[in-house]
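**Q** Below: one structure in structure tokens.
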Amino acid sequence: MDSRLEKLNVCVCTSSLDHVHFIGICGLGGIGKTTLAKAYYDWMSSQFEGCSFLTNIREVCEKKENGLVYLQNLLLSDILNGLPTEVRDIHKGMDMIRSKLCHKKVLVVLDDVDKLDQLKALAGKNNWFGSGSRIIVTTRDESLLLSTYIECRIYRVEELSYSEGLRLFSHKAFKSTHPSKEYEKLSKQVIAYADGLPLALEVLGSFLCGKSVNQWESALDRLKEYPNKEITKVLQISFDGLEEIEKSIFLDIACFFNGFEEDNIIQIMDSCGFFPEIGIRVLIDKSLLHVDNDDKVWMHDLLQEMGKEIVWAKSRNEPGRCSRIWNYDDLCHVLGHNTGTKVEAIVCCFLEPKKLVCDFEAFSNMKKLRLLILQNLVLEMRDGQTLNIEHLSKELRFLRWHEFPAKYLPSNFQRGGLVELKLWLSKHLWNNAIKPLNNLKTIDISYSTNLRKFEDFGVVPNLEKLILVACVNLSEIHPSITLLERLTILNLKACNSLQNLPTSIGGLKSLNVLNLEGCVSLNDLPEDLGVATYLEQLILEDCRNLVEIPPSIRLLERLIILNLKACIRLQNLPTGMRSLKSLKVLNLEGCVSLTNLPEDLGLLNSLEELNLKGISVEDRDLPSSIALLENLKTLSFCGGRQWNNMMNIIVGKGLSSSAGLFSLKKLELVSCGLGNGAFPENLGCLVSLEYLNLSNNDFSHLPVCFNKLSKLRSIDLSFCRELELLGPELPPGLGWLGLAYCVSLDMFLDPLMMERRILVKSFVGCLKLARRQGSERTALTLLKTHLQNLPSERFDIVLPGNEIPSWFTRTNFEPSINLQLDPNWCNRKWMGFAIFLCALIAFQLSCNDSGSGPWIWSNKRLSTRRGLSGGFPSGSPLVNVCAS
């Protein structure tokens with residue numbers, strides 16, 4: 001509580017002392033909002049002329065007639081030191097609060113507000129209170145504050161940390177700051193179950209206080225099946241106040257989609273007609289959901305448990321009466337017994353294939369089924385029957401079924417409400433005689449190897465996404481595709497039998513993304529490609545037979561990404577590239593037949609990323625206009641000695657121009673034959689450069705101008721076999737070095753290297769450096785020092801020697817290792833861990849002159865759910881594992 005009180009105080013104190021300020025304490029039920037507000041009130045009330053703490057406002061208004069009038073009287077009485085008030089109606093009370101308190105510096109806490117009229121009646125505006133007043137509101141619904149007050153500081157109460165939770169739970173369960181030894185493991189399980197929710201910790205601590213170990217174990221087993229009613233009752237208050245559509249979204253997320261990406265949830269919920277954009281926002285405002293930095297939607301574990309319990313409670317222990325099915329046993333029951341009359345949604349995705357025997361008519365009883373998602377489920381029909389998709393509900397909006405068992409959509413298939421159809425690994429499927437599906441927006445039948453052609457797009461006139469990834473036998477796209485005026489995404493990635501697109505795609509007026517990556521048989525593109533003026537991404541990577549790009553491409557003024565990587569037969573780019581004024585990414589890596597670049601390439605003013613790795617253009621033929629790319633952030637070259645003067649041609653010219661490469665953040669010059677004289681003096685003027693890759697070049701030392709690169713954070717010098725020293729100085733902000741196989745390097749970094757905590761990505765192959773450092777012991781000391789700034793990504797080092805350092809723990813010579821982790825770690829707060837390995841290699845490397853086996857040390861971040869099992873190939877015995 002102390003840390004949260006301190007954070008709240010910081011939030012309050014950042015407000016000007018001379019103004020009236022409103023502070024909202026927001027969070028889900030049971031998170032400790034009231035306790036926190038009370039602690040602050042007790043701590044700070046002496047600094048105000050008058051104070052009032054109005055508790056349980058929601059409950060008072062629900063249970064008491066004229067509850068708001070009662071609260072207005074109570075507020076005035078508290079601040080006016082008990083003087084009698086005569087408020088008889090809400091409006092008179094508002095006037096009296098304003099007139100009596102407008103010159104007083106007051107502290108008011110409005111606890112558990114859930115409706116707008118409560119705020120308006122008790123603290124409507126800042127001119128109701130005197131200078132320096134603070135109005136604190138605890139609520140589960142953040143939107144109430146934002147819609148009432150022009151300025152309101154929000155403090156979102158977070159779950160307790162493990163140490164805070166242990167302290168609170170121990171206080172309730174043991175009347176102490178920590179559990180006794182025999183209860184430590186069980187206490188950890190309780191804390192994991194509560195997941196930082198103070199209410200749960202207090203309730204369970206009080207319940208378990210004084211009980212035996214056996215009783216604790218029994219209680220924990222029961223909690224897994226039946227949530228604590230006292231906790232659920234508090235949490236369910238927010239759910240009960242939702243509109244029906246919001247309740248449906250909440251229950252779908254609780255049962256199926258907790259932890260899914262927000263866009264994916266919105267797509268599914270939108271197909272069900274739930275208006276998810278506003279619905280999810282409401283749930284977030286009411287502290288029932290939150291979205292993390294990876295745009296994934298989460299709800300507290302106990303809220304999820306509550307949601308599932310709400311669904312199950314209505315079924316009377318009959319799965320067929322459940323509105324939602326999410327586990328295998330319930331699905332077996334429903335399909336095996338032909339029940340499911342109340343089922344609205346089935347989402348069963350299994351990690352391993354499961355079999356289920358049923359009658360196809362089992363789906364006929366599910367008249368309300370709107371959402372069906374099945375993965376890794378093999379249906380076996382009784383009596384040799386086959387699934388007739390016609391038995392699926394006519395209410396079906398969203399169908400996603402991997403390895404869909406039906407051979408095709410029958411001609412009488414009428415599911416006009418269907419919005420998304422995703423049937424991976426399906427069979428023939430499409431039949432041009434089917435009825436129109438006017439609401440269908442997405443078709444995804446990827447990996448359907450039997451699909452040879454796709455006909456009659458007229459039956460899906462409003463299609464927005466067509467995804468046919470890896471339909472390896474698809475040989476043609478029917479010309480009727482041009483009827484799809486709303487199509488935004490056409491993804492034909494890895495359709496390696498596809499030879500041509502329709503000669504005209506002029507009808508695809510809304511097309512944003514055209515992905516033809518890996519269409520190795522594709523010979524040409526439609527001549528009128530430029531007519532698709534809304535195209536933003538054109539992905540042609542690994543289109544090996546493509547010889548030219550149609551000139552009409554210059555009409556694509558909205559094009560942002562043009563990926564031509566590994567188009568090995570492409571010989572030229574069209575002229576007039578300057579008209580691609582929105583282009584940000586141009587990838588020409590591996591276009592080995594490309595012999596020249598358009599002279600106006602440097603006039604692509606929006607270009608941010610240019611990849612020229614492996615192309616055959618000589619450096620003298622590079623258009624000088626490249627130096628004018630003032631917004632360029634990434635520039636990549638690689639391969640051959642033809643680039644040995646490129647630094648002076650491009651970088652030198654670019655930095656001498658007033659509109660040069662001053663935005664460049666990443667520069668890759670790999671295997672370009674760069675020697676000591678290849679770096680222009682003004683290289684230090686790349687003021688924005690953060691990453692520099694000079695791997696496999698011929699220089700023996702870094703030039704002095706490098707220390708002027710003030711923003712440079714990373715340099716990769718791997719395989720620079722002539723490199724002898726790194727000095728005289730390194731850039732001041734450098735934090736990362738790659739030195740793998742710098743075999744000539746025999747002088748280490750400047751003496752301040754360790755003090756500056758520069759991370760060396762890899763010393764693999766730098767045995768000369770290790771010997772130069774003095775001895776094996778010195779090298780190991782270097783490793784130990786280096787680990788103090790441990791990276792979060794993979795790190796490798798080879799050091800000479802034939803013994804394991806004494807400061808490594810848990811050593812053994814087994815060929816593999818199995819680590820069993822505490823299952824209580826596996827929640828959304830613990831998404832990964834680090835493992836550190838040290839292995840003794842029994843064979844000799846050719847670069848190891850001493851004859852002693854080298855050390856390999858590495859660490860790698862991994863993700864897990866219930867444990868880790870890992871091993872090395874035969875011949876590489878694992879000798880150490882530490883986990884943290």
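Letters A, B, ... mark the chains of the structure tokens in the order given; residue numbers begin at 1 per chain; ligand numbers begin at 1, in order shown.
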Enumerate as a PyMOL selection string all residues of region 23-212 of chain A assigned to strand (DSSP E or B) by DSSP on the backbone, naming them with the chain letters and numbers the document uses.
**A** chain A and resi 23-26+50-54+106-113+134-139+153-156
**Q** Convert the current residue selection to file output with N, CA and C atoms, as an mmCIF file, in the first residue's frame.
**A**
```cif
data_model
loop_
_atom_site.group_PDB
_atom_site.id
_atom_site.type_symbol
_atom_site.label_atom_id
_atom_site.label_comp_id
_atom_site.auth_asym_id
_atom_site.auth_seq_id
_atom_site.Cartn_x
_atom_site.Cartn_y
_atom_site.Cartn_z
ATOM 1 N N ILE A 23 -9.246 14.406 -9.128
ATOM 2 C CA ILE A 23 -8.361 13.253 -9.300
ATOM 3 C C ILE A 23 -9.207 12.000 -9.271
ATOM 4 N N GLY A 24 -9.102 11.192 -10.314
ATOM 5 C CA GLY A 24 -9.839 9.937 -10.379
ATOM 6 C C GLY A 24 -8.955 8.763 -10.002
ATOM 7 N N ILE A 25 -9.428 7.930 -9.092
ATOM 8 C CA ILE A 25 -8.748 6.670 -8.766
ATOM 9 C C ILE A 25 -9.569 5.565 -9.428
ATOM 10 N N CYS A 26 -8.998 4.956 -10.478
ATOM 11 C CA CYS A 26 -9.767 4.033 -11.306
ATOM 12 C C CYS A 26 -9.166 2.630 -11.263
ATOM 13 N N GLY A 50 -11.898 21.895 5.375
ATOM 14 C CA GLY A 50 -13.024 20.985 5.591
ATOM 15 C C GLY A 50 -12.834 19.728 4.770
ATOM 16 N N CYS A 51 -13.351 18.596 5.263
ATOM 17 C CA CYS A 51 -13.162 17.313 4.580
ATOM 18 C C CYS A 51 -14.446 16.488 4.646
ATOM 19 N N SER A 52 -14.634 15.670 3.634
ATOM 20 C CA SER A 52 -15.763 14.747 3.634
ATOM 21 C C SER A 52 -15.409 13.516 2.819
ATOM 22 N N PHE A 53 -15.718 12.347 3.393
ATOM 23 C CA PHE A 53 -15.498 11.079 2.691
ATOM 24 C C PHE A 53 -16.865 10.414 2.537
ATOM 25 N N LEU A 54 -17.422 10.491 1.338
ATOM 26 C CA LEU A 54 -18.733 9.900 1.059
ATOM 27 C C LEU A 54 -18.524 8.492 0.495
ATOM 28 N N VAL A 106 -11.171 22.522 0.432
ATOM 29 C CA VAL A 106 -11.736 21.281 0.968
ATOM 30 C C VAL A 106 -11.094 20.049 0.301
ATOM 31 N N LEU A 107 -11.163 18.949 1.027
ATOM 32 C CA LEU A 107 -10.793 17.638 0.503
ATOM 33 C C LEU A 107 -12.058 16.777 0.536
ATOM 34 N N VAL A 108 -12.516 16.375 -0.646
ATOM 35 C CA VAL A 108 -13.730 15.573 -0.755
ATOM 36 C C VAL A 108 -13.397 14.272 -1.489
ATOM 37 N N VAL A 109 -13.817 13.165 -0.918
ATOM 38 C CA VAL A 109 -13.670 11.865 -1.579
ATOM 39 C C VAL A 109 -15.055 11.331 -1.893
ATOM 40 N N LEU A 110 -15.316 11.092 -3.165
ATOM 41 C CA LEU A 110 -16.563 10.485 -3.628
ATOM 42 C C LEU A 110 -16.244 9.041 -3.985
ATOM 43 N N ASP A 111 -16.663 8.126 -3.141
ATOM 44 C CA ASP A 111 -16.264 6.736 -3.262
ATOM 45 C C ASP A 111 -17.299 5.902 -4.011
ATOM 46 N N ASP A 112 -16.802 5.125 -5.008
ATOM 47 C CA ASP A 112 -17.619 4.174 -5.768
ATOM 48 C C ASP A 112 -18.736 4.868 -6.538
ATOM 49 N N VAL A 113 -18.354 5.800 -7.370
ATOM 50 C CA VAL A 113 -19.290 6.491 -8.257
ATOM 51 C C VAL A 113 -19.504 5.641 -9.503
ATOM 52 N N ARG A 134 -9.222 19.694 -3.375
ATOM 53 C CA ARG A 134 -8.964 18.455 -4.107
ATOM 54 C C ARG A 134 -10.203 17.561 -3.990
ATOM 55 N N ILE A 135 -10.731 17.155 -5.152
ATOM 56 C CA ILE A 135 -11.892 16.276 -5.201
ATOM 57 C C ILE A 135 -11.412 14.935 -5.768
ATOM 58 N N ILE A 136 -11.453 13.915 -4.936
ATOM 59 C CA ILE A 136 -10.986 12.590 -5.338
ATOM 60 C C ILE A 136 -12.193 11.680 -5.560
ATOM 61 N N VAL A 137 -12.223 11.031 -6.722
ATOM 62 C CA VAL A 137 -13.342 10.167 -7.094
ATOM 63 C C VAL A 137 -12.819 8.759 -7.347
ATOM 64 N N THR A 138 -13.366 7.766 -6.636
ATOM 65 C CA THR A 138 -13.039 6.374 -6.951
ATOM 66 C C THR A 138 -14.159 5.801 -7.807
ATOM 67 N N THR A 139 -13.778 5.143 -8.886
ATOM 68 C CA THR A 139 -14.776 4.609 -9.816
ATOM 69 C C THR A 139 -14.177 3.491 -10.646
ATOM 70 N N ARG A 153 -7.064 14.444 -13.456
ATOM 71 C CA ARG A 153 -5.920 13.528 -13.420
ATOM 72 C C ARG A 153 -6.419 12.136 -13.048
ATOM 73 N N ILE A 154 -5.943 11.152 -13.786
ATOM 74 C CA ILE A 154 -6.378 9.768 -13.566
ATOM 75 C C ILE A 154 -5.222 8.967 -12.975
ATOM 76 N N TYR A 155 -5.497 8.308 -11.842
ATOM 77 C CA TYR A 155 -4.542 7.358 -11.291
ATOM 78 C C TYR A 155 -5.168 5.971 -11.402
ATOM 79 N N ARG A 156 -4.564 5.147 -12.253
ATOM 80 C CA ARG A 156 -5.068 3.791 -12.455
ATOM 81 C C ARG A 156 -4.369 2.848 -11.483
#
```
**Q** Skipping near chain neighbours, those fewer than 6 positions away, what residues fall within 10 Å of region 595-600 of chain A using only C-alpha atoms, listed as a list of chain:residue names?
**A** A:Leu570, A:Gln571, A:Asn572, A:Leu573, A:Pro574, A:Thr575, A:Gly576, A:Met577, A:Arg578, A:Ser579, A:Ile615, A:Ser616, A:Val617, A:Glu618, A:Asp621, A:Leu622, A:Pro623, A:Ser624, A:Ser625, A:Ile626
**Q** Atoms to include: N, CA and C atoms. Write the selected residues as a short mmCIF file (atom, residue, chain, number, x, y, z; two decimals), in the first residue's frame.
**A**
```cif
data_model
loop_
_atom_site.label_atom_id
_atom_site.label_comp_id
_atom_site.auth_asym_id
_atom_site.auth_seq_id
_atom_site.Cartn_x
_atom_site.Cartn_y
_atom_site.Cartn_z
N LEU A 570 14.54 -9.98 -62.88
CA LEU A 570 14.15 -8.59 -63.12
C LEU A 570 15.37 -7.80 -63.61
N GLN A 571 15.22 -7.14 -64.78
CA GLN A 571 16.35 -6.47 -65.41
C GLN A 571 16.32 -4.96 -65.27
N ASN A 572 15.15 -4.39 -65.21
CA ASN A 572 15.04 -2.93 -65.15
C ASN A 572 13.85 -2.52 -64.30
N LEU A 573 13.96 -1.31 -63.76
CA LEU A 573 12.81 -0.67 -63.13
C LEU A 573 12.26 0.36 -64.10
N PRO A 574 10.96 0.62 -64.06
CA PRO A 574 10.38 1.60 -64.97
C PRO A 574 10.95 3.00 -64.74
N THR A 575 10.93 3.80 -65.74
CA THR A 575 11.30 5.21 -65.58
C THR A 575 10.13 5.95 -64.93
N GLY A 576 10.39 7.16 -64.47
CA GLY A 576 9.34 7.96 -63.86
C GLY A 576 9.03 7.54 -62.45
N MET A 577 10.01 6.95 -61.75
CA MET A 577 9.79 6.52 -60.37
C MET A 577 9.47 7.69 -59.44
N ARG A 578 9.87 8.87 -59.82
CA ARG A 578 9.67 10.03 -58.94
C ARG A 578 8.19 10.27 -58.62
N SER A 579 7.30 9.75 -59.46
CA SER A 579 5.87 9.96 -59.23
C SER A 579 5.34 9.12 -58.06
N ILE A 615 22.63 -6.64 -55.52
CA ILE A 615 22.34 -6.29 -56.91
C ILE A 615 23.65 -6.09 -57.65
N SER A 616 23.60 -6.13 -58.98
CA SER A 616 24.82 -6.16 -59.78
C SER A 616 25.24 -4.80 -60.30
N VAL A 617 24.58 -3.75 -59.88
CA VAL A 617 24.92 -2.40 -60.36
C VAL A 617 26.30 -2.01 -59.85
N GLU A 618 27.16 -1.52 -60.75
CA GLU A 618 28.48 -1.03 -60.33
C GLU A 618 28.32 0.28 -59.57
N ASP A 621 27.77 3.32 -61.50
CA ASP A 621 26.47 3.48 -62.14
C ASP A 621 25.36 3.83 -61.15
N LEU A 622 25.70 3.95 -59.90
CA LEU A 622 24.69 4.34 -58.93
C LEU A 622 24.24 5.77 -59.22
N PRO A 623 22.94 6.02 -59.27
CA PRO A 623 22.48 7.39 -59.52
C PRO A 623 22.92 8.31 -58.38
N SER A 624 23.55 9.39 -58.73
CA SER A 624 24.04 10.32 -57.70
C SER A 624 22.91 10.94 -56.91
N SER A 625 21.69 10.87 -57.46
CA SER A 625 20.56 11.49 -56.77
C SER A 625 20.22 10.77 -55.46
N ILE A 626 20.77 9.56 -55.25
CA ILE A 626 20.53 8.86 -53.98
C ILE A 626 20.96 9.73 -52.81
#
```
**Q** Which distance in Å separates CA of Phe404 (chain A) and CA of Leu425 (chain A), to one decimal?
**A** 6.9 Å
**Q** From a DSSP calculation on the backbone, collect every residue of region 182-346 of chain A in helix (DSSP H, G or I) and output the set as JSON, numbers by chain.
**A** {"A": [182, 183, 184, 185, 186, 187, 188, 189, 190, 191, 192, 193, 194, 198, 199, 200, 201, 202, 203, 204, 205, 206, 207, 208, 213, 214, 215, 216, 217, 218, 219, 220, 221, 222, 223, 224, 225, 229, 230, 231, 232, 233, 234, 235, 236, 237, 238, 239, 240, 244, 245, 246, 247, 248, 249, 250, 251, 252, 253, 254, 255, 256, 257, 262, 263, 264, 265, 266, 267, 268, 269, 270, 271, 276, 277, 278, 279, 280, 281, 282, 283, 284, 285, 301, 302, 303, 304, 305, 306, 307, 308, 309, 310, 311, 312, 313, 319, 320, 321, 328, 329, 330, 331, 332, 333, 334, 335, 336]}
**Q** Rounded to one decimal in Å, what is the spacing between CA of Ile253 (chain A) and CA of Ser147 (chain A)?
**A**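 CA of Ile253 (chain A) sits 26.5 Å away from CA of Ser147 (chain A).
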**Q** Residues near region 664-674 of chain A, anyone? I mean within 6 Å using only C-alpha atoms, not counting same-chain ones fewer than 4 positions away, as a PDB file with N, CA and C atoms, in the first residue's frame.
**A**
```pdb
ATOM      1  N   LEU A 632      15.631   9.398 -45.828  1.00  0.00           N
ATOM      2  CA  LEU A 632      16.069   8.006 -45.764  1.00  0.00           C
ATOM      3  C   LEU A 632      16.580   7.668 -44.364  1.00  0.00           C
ATOM      4  N   LYS A 633      16.041   6.548 -43.809  1.00  0.00           N
ATOM      5  CA  LYS A 633      16.435   6.099 -42.470  1.00  0.00           C
ATOM      6  C   LYS A 633      17.266   4.826 -42.497  1.00  0.00           C
ATOM      7  N   THR A 634      17.082   3.980 -43.519  1.00  0.00           N
ATOM      8  CA  THR A 634      17.826   2.720 -43.628  1.00  0.00           C
ATOM      9  C   THR A 634      18.362   2.574 -45.038  1.00  0.00           C
ATOM     10  N   LEU A 635      19.688   2.324 -45.145  1.00  0.00           N
ATOM     11  CA  LEU A 635      20.346   2.128 -46.438  1.00  0.00           C
ATOM     12  C   LEU A 635      21.221   0.887 -46.331  1.00  0.00           C
ATOM     13  N   SER A 636      20.990  -0.092 -47.245  1.00  0.00           N
ATOM     14  CA  SER A 636      21.695  -1.370 -47.147  1.00  0.00           C
ATOM     15  C   SER A 636      22.343  -1.734 -48.472  1.00  0.00           C
ATOM     16  N   PHE A 637      23.659  -2.064 -48.382  1.00  0.00           N
ATOM     17  CA  PHE A 637      24.416  -2.600 -49.511  1.00  0.00           C
ATOM     18  C   PHE A 637      25.067  -3.901 -49.057  1.00  0.00           C
ATOM     19  N   CYS A 638      25.289  -4.817 -50.013  1.00  0.00           N
ATOM     20  CA  CYS A 638      25.972  -6.059 -49.651  1.00  0.00           C
ATOM     21  C   CYS A 638      26.454  -6.757 -50.911  1.00  0.00           C
ATOM     22  N   GLY A 639      27.696  -7.321 -50.828  1.00  0.00           N
ATOM     23  CA  GLY A 639      28.142  -8.266 -51.834  1.00  0.00           C
ATOM     24  C   GLY A 639      29.028  -7.671 -52.905  1.00  0.00           C
ATOM     25  N   GLY A 640      30.127  -8.392 -53.167  1.00  0.00           N
ATOM     26  CA  GLY A 640      31.006  -8.033 -54.271  1.00  0.00           C
ATOM     27  C   GLY A 640      31.902  -6.855 -53.961  1.00  0.00           C
ATOM     28  N   ARG A 641      32.942  -6.736 -54.759  1.00  0.00           N
ATOM     29  CA  ARG A 641      33.915  -5.660 -54.562  1.00  0.00           C
ATOM     30  C   ARG A 641      33.546  -4.410 -55.351  1.00  0.00           C
ATOM     31  N   TRP A 643      31.495  -2.309 -54.750  1.00  0.00           N
ATOM     32  CA  TRP A 643      31.044  -1.209 -53.926  1.00  0.00           C
ATOM     33  C   TRP A 643      32.205  -0.516 -53.197  1.00  0.00           C
ATOM     34  N   ASN A 644      33.443  -0.797 -53.549  1.00  0.00           N
ATOM     35  CA  ASN A 644      34.543  -0.304 -52.707  1.00  0.00           C
ATOM     36  C   ASN A 644      34.688   1.214 -52.708  1.00  0.00           C
ATOM     37  N   ALA A 678      38.471   3.943 -47.291  1.00  0.00           N
ATOM     38  CA  ALA A 678      37.126   3.989 -47.889  1.00  0.00           C
ATOM     39  C   ALA A 678      36.171   4.919 -47.172  1.00  0.00           C
ATOM     40  N   SER A 688      22.254  11.304 -37.258  1.00  0.00           N
ATOM     41  CA  SER A 688      21.144  10.484 -36.757  1.00  0.00           C
ATOM     42  C   SER A 688      21.493   9.002 -36.705  1.00  0.00           C
ATOM     43  N   LEU A 689      22.680   8.618 -37.157  1.00  0.00           N
ATOM     44  CA  LEU A 689      23.038   7.211 -37.295  1.00  0.00           C
ATOM     45  C   LEU A 689      23.075   6.512 -35.941  1.00  0.00           C
ATOM     46  N   GLU A 690      22.323   5.370 -35.849  1.00  0.00           N
ATOM     47  CA  GLU A 690      22.254   4.587 -34.610  1.00  0.00           C
ATOM     48  C   GLU A 690      22.836   3.189 -34.776  1.00  0.00           C
ATOM     49  N   TYR A 691      22.759   2.625 -35.979  1.00  0.00           N
ATOM     50  CA  TYR A 691      23.234   1.257 -36.206  1.00  0.00           C
ATOM     51  C   TYR A 691      24.095   1.242 -37.459  1.00  0.00           C
ATOM     52  N   LEU A 692      25.283   0.624 -37.356  1.00  0.00           N
ATOM     53  CA  LEU A 692      26.220   0.551 -38.471  1.00  0.00           C
ATOM     54  C   LEU A 692      26.723  -0.880 -38.596  1.00  0.00           C
ATOM     55  N   ASN A 693      26.492  -1.502 -39.759  1.00  0.00           N
ATOM     56  CA  ASN A 693      26.937  -2.866 -40.013  1.00  0.00           C
ATOM     57  C   ASN A 693      28.032  -2.840 -41.073  1.00  0.00           C
ATOM     58  N   LEU A 694      29.251  -3.158 -40.661  1.00  0.00           N
ATOM     59  CA  LEU A 694      30.413  -3.167 -41.556  1.00  0.00           C
ATOM     60  C   LEU A 694      31.006  -4.566 -41.649  1.00  0.00           C
ATOM     61  N   SER A 695      30.193  -5.580 -41.499  1.00  0.00           N
ATOM     62  CA  SER A 695      30.674  -6.963 -41.480  1.00  0.00           C
ATOM     63  C   SER A 695      31.411  -7.319 -42.758  1.00  0.00           C
ATOM     64  N   ASN A 696      32.454  -8.165 -42.581  1.00  0.00           N
ATOM     65  CA  ASN A 696      33.182  -8.768 -43.702  1.00  0.00           C
ATOM     66  C   ASN A 696      33.763  -7.735 -44.653  1.00  0.00           C
ATOM     67  N   ASN A 697      34.468  -6.747 -44.104  1.00  0.00           N
ATOM     68  CA  ASN A 697      35.200  -5.773 -44.905  1.00  0.00           C
ATOM     69  C   ASN A 697      36.691  -5.864 -44.596  1.00  0.00           C
ATOM     70  N   ASP A 698      37.522  -5.014 -45.252  1.00  0.00           N
ATOM     71  CA  ASP A 698      38.972  -5.220 -45.265  1.00  0.00           C
ATOM     72  C   ASP A 698      39.780  -4.214 -44.464  1.00  0.00           C
TER      73      ASP A 698
END
```
**Q** Which polymer residues have any atom within 9 Å of an atom of Cys591 (chain A), counting only C-alpha atoms, with same-chain residues fewer than 3 positions away left out, as a list of chain:residue names?
**A**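 Residues meeting the cut-off are A:Leu564, A:Lys565, A:Ala566, A:Cys567, A:Ile568, A:Arg569, A:Leu570, A:Gln571, A:Leu588, A:Leu594, A:Leu612, A:Lys613, A:Gly614, A:Ile615, A:Ser616.
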**Q** Report, in Å to a single decimal, how far apart CA of Val378 (chain A) and CA of Val357 (chain A) are.
**A** 8.6 Å
**Q** Name the residues in contact with Asp18 (chain A) at a cut-off of 12 Å, using only C-alpha atoms, excluding same-chain residues fewer than 3 positions from it; report them as a PyMOL selection string.
**A** chain A and resi 13-15+21+105+129-134
**Q** Need to verify the contact set: Trp401 (chain A), 7 Å, only C-alpha atoms, exclusion of same-chain residues closer than 2 positions in sequence. Can you return it as a ChimeraX atom specification?
**A** /A:373-375,399,403-404,422-424
**Q** Could you write those residues out with C-alpha atoms, as a CSV table (one decimal), in the first residue's frame?
**A**
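Output contents, as saved in result14.csv:
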```csv
chain,number,residue,atom,x,y,z
A,373,ILE,CA,-14.0,-21.7,-34.6
A,374,LEU,CA,-12.4,-25.2,-34.6
A,375,GLN,CA,-8.7,-26.1,-34.9
A,399,LEU,CA,-16.9,-19.7,-39.6
A,403,GLU,CA,-9.3,-29.0,-42.2
A,404,PHE,CA,-12.9,-28.5,-43.0
A,422,LYS,CA,-11.8,-19.2,-43.0
A,423,LEU,CA,-11.4,-22.8,-44.0
A,424,TRP,CA,-7.7,-23.7,-44.1
```
**Q** Compile the contact shell of Asn9 (chain A) as a list in words: residues with an atom at most 10 Å away, counting only C-alpha atoms, same-chain residues fewer than 6 positions apart removed.
**A**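 Here the qualifying residues turn out to be Ser3, Tyr40, Met44 and Tyr155 of chain A.
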